[in-house]
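Engineer: My questions all concern the structure below.
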Amino acid sequence: LAGTDEDQLETLPFSLTRVGDCMAPGTIAAAVYHGHRYARELDALPDPDGVPFKREYSLIQDALT
C-alpha cells in the first residue's frame, strides 16, 4: 500500500487500523491489551456514551461526623 494515492485507498475491499504500540512505544502488556480490546470491539456497534475504562467514584465524608 506504500505509494498509493488517497483515491485508490477508498476502493480497497478492506480497511487498516493501527493497533498496539505502532503510534508510540509502550509496554508489551499495553500493546496486548489494546489488541485484545480491538478484537472484542471489532464487530460491535460504537456506543457514543461508552468509555473504554472503568470510572472510579470517590466517596468524601466530613471528618467531624
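Chain labels A, B, ... are given in the sequence in which chains occur in the C-alpha cells; within each chain residues are numbered consecutively from 1, and ligands are likewise numbered from 1 in the order shown.
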Taking 4 positions as the minimum chain separation for residues in the same chain, which residues sit within 9 Å of segment 38-48 of chain A when counting only C-alpha atoms? Answer as an mmCIF file with C-alpha atoms, in the first residue's frame.

Structural biologist:
data_model
loop_
_atom_site.group_PDB
_atom_site.id
_atom_site.type_symbol
_atom_site.label_atom_id
_atom_site.label_comp_id
_atom_site.auth_asym_id
_atom_site.auth_seq_id
_atom_site.Cartn_x
_atom_site.Cartn_y
_atom_site.Cartn_z
ATOM 1 C CA VAL A 19 -3.354 -1.431 16.908
ATOM 2 C CA TYR A 33 -4.401 -5.152 25.918
ATOM 3 C CA HIS A 34 -5.031 -2.761 23.024
#

Engineer: If DSSP is run on the backbone, what residues of chain A are helix (DSSP H, G or I)? A reply as a list of chain:residue names would be ideal.

Structural biologist: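 Going through chain A, the helix (DSSP H, G or I) residues come out as A:Glu6, A:Asp7, A:Gln8, A:Leu9, A:Ile28, A:Ala29, A:Ala30, A:Ala31, A:Val32, A:Tyr33, A:His34, A:Gly35, A:His36, A:Arg37, A:Tyr38, A:Ala39, A:Arg40.
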